[in-house]
Every structure is written in structure tokens, then in C-alpha cells.
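*Asks:* Here it is, the structure, as C-alpha cells.
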Amino acid sequence: MVRETLGELLRGGVVTLQIASGAWVVGAVLGLALAVMQDLGLAPVKALQTSLTISLRSVPQLVILYLLYFGLGALGIQINSLLAAILALGVADAAFTAEYYRAGFMMVPWTQREAGVSLGLSRMGVLMRVVVPQTIPFVVPPLLNSFVGLLKTATLAAAVGAPEILYRGQNAMSRTGQIVLVMGLIIALYVIVTMPLTRAVAVLERRLRSYALS
Amino acid sequence: MSQLASWLAILAGGLIVTIKLSAFTTLFTIVWSTLLAICAISPWRPVRVLAVFYNDLLRSIPLLALLIFFYYGLGRLVAGLGISSFWLAVAALTINESAYLAEVYRGTLLAIPQIQWEAAASLGLGWASTVRLVILPQVLPSGVPSTVNMLIGVIKNSSLASLIAVNEVTLTATILVSQTFEPMQVYLVLAVLYLLLILPISLLARWLERRFGASAGMVEEIAAPAGPRLAAQPGS
């Protein structure tokens, strides 16, 4: 029975992985877009961006998920629970990744931008060709950390019925009544995956930082 | 308009539960994190190792999983004692948040220069008195901004308690949706309520960071050189 339960949880784990990866891509891309918009500082865009960031940071992911799944559903735009989870978690994550990029941009000395402009690059060109490539060592570790975080928040998808690990775990619990066993297996799987990942990211962060600052 | 007013009247009840839930969690989290952080810098190796391992372990468990385990696992055991799902949620949220906040507190404790420990020891202070009289008073200001950021995280995460039948504002909204069949409008109102609750705290956190960041900044630079200051991570 342990084997059967473990098999079911692992199938859920695959879905968890899909949600986390999807949301991570959405968060990383949208976050970069937000950070670039803020950096270019076009007034109306900036106001919109600031209010968007504040809202995304203040509203729980579960509420964003409900808005996308039930809210849009009632308006006739029915998306499946997997996609809703990916979008909701990704959008919420973008508010934070934008901050990582922005902090990264600040690591590049201002004189480099002036140099870039004096060579005839546009402001956008300077940002994408001079600034962004240099921020990679500073941005990669927090982005990886946010992936580890997303592996955990992906459990929220259970609330809209996406068959990820916790959803399947709950089913197994009510079917077999083996609460402690199922609990133990889920915790074990999470520990096995996230603990080494967190450690690895910490090591990478130290290495990249000393490399970038040397 | 009268419809909105009646919705708000219903949601207000849930909002009060959300505030209570967050307040108790924050209080317990501060106490528990401080104890954990002190254990994590203890001179006794077993205590230190255990505290660090506990933190690492708890941080790898998703909050929702913890809530559900408490509800299904502990819930039946403690139901006889009259412990409601509200207190189970407080316990799960506290355990989850403390694992993160304790790390932050540990960082600020470690940022106190080693000489101060030596100076205190040479004055005849024991380890516990050094922590109480010398170290804690200095790190309290620098711990304030991250504690306020934690409060924001707690309020957001408390929405997950709706999934274990705590009648806080998200559950109240969900019940309202089942009566009105207007998920978009109700959940938008809910989102605005969270925004209004959290916005003043965000502004306070930002102000505190500027206020205390100036004096604590130098100490923190040593602990975490040149890194982007991370705000409270949601839901993890």
C-alpha cells in the first residue's frame, strides 16, 4: 500500500513540477518586463506598474487564483485549474522577481550607462545589452530560490482541484485513513527535493557573487 | 450600491477573524522565532545543530500541507479538548513563519561583532546574561522592519486557513459566492479588502526600513554583503 500511495503522490509531484515551472517562467518574464518598464521610467507606465506591483504584493495568491479560476469562469472564460494555478502563482511571483531584477540593475555602475549612450545606444539598448547581461550573477540565485518557493506554493492549486501532490495526498488520506503515512510521505518527498536545492542555491549564490565582485 | 453594502457587512465579520488570526500568529511567531534564533547561535553544539535542522526542515514543508496535516491529523486528537480549527491554523501559521523569521533574527544576532561577546565575558557576564543585556537590546531595532514584513506575509497566508474551515474573510467570501453566484465581483471586493488592510502596513514597513535601516544598515552589510534585500516571500 505504501508503494501504491507513493506512486500516486509521485504522479501528483509531476503536476506540481509542471505548475512550479510554468509559474516560474511567467514570473521571470513578467518580472523582467515590470523591472524594465520601471527603469525606463515612462510616467504613465510607471504609475500603472507601481499600482500593479503593490496590488500583487498585497493580495493573497489564493484570492488571485480564485479570481482567475472562478471569476473568469463566471464571465465565460473557463480556463483549466492547471493553467489558472500557473498564471496566478506566476503573476504573484512577478511582483517579487521584478524587485530582484531592479536590485540587480543597481549593481551596474551608472557610468556604464552613460558610456553606452555616448556610443550611440538607445536607453533600451543600453539596458538590454549592457546592464541586463551583467546582472545575471545577481539575479539567478534569487530566481532559483523563487522556484523552490513555487514548488511549495504549487500546493495551492489543490484548492481549485488541480491533481498535484497535496490534492492526491488528501484523496489517499480519505480513501485509506492512513493520515500519518501519507503525511510522512509528502513531507519526505518535499524535504528530499527542496532541502538540497536550497543548499545548492546558497552555494551557487556565494560563488557567483564572489566571481562577479572580483 | 446597497448590494455592495450588504456584502461588506457580511465580509466584515470574516475580516475580524482574519485580523485576530494574524495578530495571534504574529505574537507567537515573534516569541518562537526569537527562541529559535537564540538556540541557533547557542554555544552548545547539539542545541545549535538541532535548531538549524529544525528550521531547514520546517522551511521545506509547504504551509498548506502543514495546515491540512494539522487539520486531519491533529484535529481529531485535539477536538476532544475543545481546540478549534482557528487555533490549529494559528499553530500551523506560527510554525511555518517562525522558520523563516528565525533565520532573519539569527542573521542580525550574528552581525554583532565578536568583540562584544568577549567584552561581556571579560566583565563576568554569562552567556544568557550577555544575550539578554548586551545583544538583544542592540538587535531589536534592526529586527523591526523584517518583523513588520512578516506580518504582511502572515495576513496573506492566513487566507489559506479558509481551506481548513476557519471562517476568516476568504472563506466568508467563498460562502458569499455560493449564495450570489458572482465570483468575479465578490473576489474583487475581497482583493480590495486585503489591499486596504495591507497597504498601511506596507507603508509602515517601508518607513521603518528607512528609519532603522540607517543605523542598522552597517551591521547588516557585514551579514549580507551587497545582496538585494528580500521582502517577505509569499505563501512558502
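Quick note on naming: the chains in the C-alpha cells go A, B, ... in the order shown, residues restart at 1 in each chain, and ligands are numbered from 1 in order of appearance.
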Show which residues sit within 9 Å of Asp56 in chain B, as a PyMOL selection string. Count only C-alpha atoms, and ignore same-chain residues fewer than 6 positions away.
*Replies:* (chain A and resi 191+195) or (chain B and resi 99)
*Asks:* Quick one: write out the picked residues with N, CA and C atoms as a PDB file, in the first residue's frame?
*Replies:*
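As a result, out18.pdb now contains:
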```
ATOM      1  N   VAL A 191      11.068  17.302   1.495  1.00  0.00           N
ATOM      2  CA  VAL A 191      12.381  17.503   2.102  1.00  0.00           C
ATOM      3  C   VAL A 191      13.470  17.037   1.152  1.00  0.00           C
ATOM      4  N   MET A 195      15.317  20.577   0.244  1.00  0.00           N
ATOM      5  CA  MET A 195      16.461  20.850   1.111  1.00  0.00           C
ATOM      6  C   MET A 195      17.788  20.927   0.332  1.00  0.00           C
TER       7      MET A 195
ATOM      8  N   ALA B  99      10.021  29.616  11.089  1.00  0.00           N
ATOM      9  CA  ALA B  99      11.192  29.023  10.470  1.00  0.00           C
ATOM     10  C   ALA B  99      11.905  30.038   9.578  1.00  0.00           C
TER      11      ALA B  99
END
```
*Asks:* Distance table requested - chain B against chain A, cut-off 8 Å, only C-alpha atoms: one row per qualifying residue with the closest atom pair and its distance in Å to one decimal, ordered by chain and rising residue number, as a Markdown table.
*Replies:*
```
| residue | atom | partner | partner_atom | distance |
| --- | --- | --- | --- | --- |
| B:Asp56 | CA | A:Met195 | CA | 7.0 |
| B:Leu57 | CA | A:Val191 | CA | 6.8 |
| B:Ser60 | CA | A:Val191 | CA | 5.5 |
| B:Ile61 | CA | A:Ile187 | CA | 6.2 |
| B:Pro62 | CA | A:Lys152 | CA | 4.7 |
| B:Leu63 | CA | A:Lys152 | CA | 7.7 |
| B:Leu64 | CA | A:Thr155 | CA | 6.6 |
| B:Ala65 | CA | A:Leu166 | CA | 6.7 |
| B:Phe69 | CA | A:Met183 | CA | 6.6 |
| B:Tyr72 | CA | A:Ile179 | CA | 7.2 |
| B:Gly73 | CA | A:Ile179 | CA | 6.2 |
| B:Ile152 | CA | A:Ser58 | CA | 7.7 |
| B:Lys156 | CA | A:Pro60 | CA | 4.7 |
| B:Asn157 | CA | A:Pro60 | CA | 6.7 |
| B:Ser159 | CA | A:Pro60 | CA | 6.8 |
| B:Leu160 | CA | A:Leu62 | CA | 7.1 |
| B:Leu163 | CA | A:Ala159 | CA | 7.4 |
| B:Thr170 | CA | A:Val63 | CA | 7.5 |
| B:Glu182 | CA | A:Ala74 | CA | 7.2 |
| B:Pro183 | CA | A:Gly71 | CA | 4.8 |
| B:Met184 | CA | A:Gly71 | CA | 3.8 |
| B:Gln185 | CA | A:Gly71 | CA | 7.6 |
| B:Tyr187 | CA | A:Leu67 | CA | 6.0 |
| B:Leu188 | CA | A:Leu67 | CA | 7.2 |
| B:Leu190 | CA | A:Val63 | CA | 7.7 |
| B:Ala191 | CA | A:Val59 | CA | 5.7 |
| B:Val192 | CA | A:Val59 | CA | 7.9 |
| B:Tyr194 | CA | A:Val59 | CA | 5.7 |
| B:Leu195 | CA | A:Ser58 | CA | 5.2 |
| B:Ile198 | CA | A:Ser58 | CA | 5.8 |
| B:Leu199 | CA | A:Ser58 | CA | 7.0 |
| B:Gly227 | CA | A:Phe138 | CA | 7.8 |
| B:Pro228 | CA | A:Ala103 | CA | 5.3 |
| B:Ala231 | CA | A:Phe96 | CA | 7.8 |
| B:Gln233 | CA | A:Phe96 | CA | 7.8 |
| B:Pro234 | CA | A:Gln61 | CA | 8.0 |
| B:Gly235 | CA | A:Thr153 | CA | 5.8 |
| B:Ser236 | CA | A:Gly149 | CA | 5.3 |
```
*Asks:* Pick from A:Gly31, A:Trp24, A:Ala200, A:Ala157: nearest to Ala94 in chain A, with only C-alpha atoms counted?
*Replies:*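 Result for the nearest residue to Ala94 in chain A: A:Gly31.
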*Asks:* Enumerate the residues of chain B with a DSSP assignment of helix (DSSP H, G or I), computed from the backbone, and present them as number ranges by chain.
*Replies:* B: 2-40, 45-59, 63-79, 85-110, 114-122, 127-164, 169-180, 183-223
*Asks:* Can you pull out every residue within 8 Å of Leu40 in chain A, counting only C-alpha atoms, but drop anything in the same chain fewer than 3 positions away, and send it as a VMD selection string?
*Replies:* chain A and resid 36 to 37 123 to 124
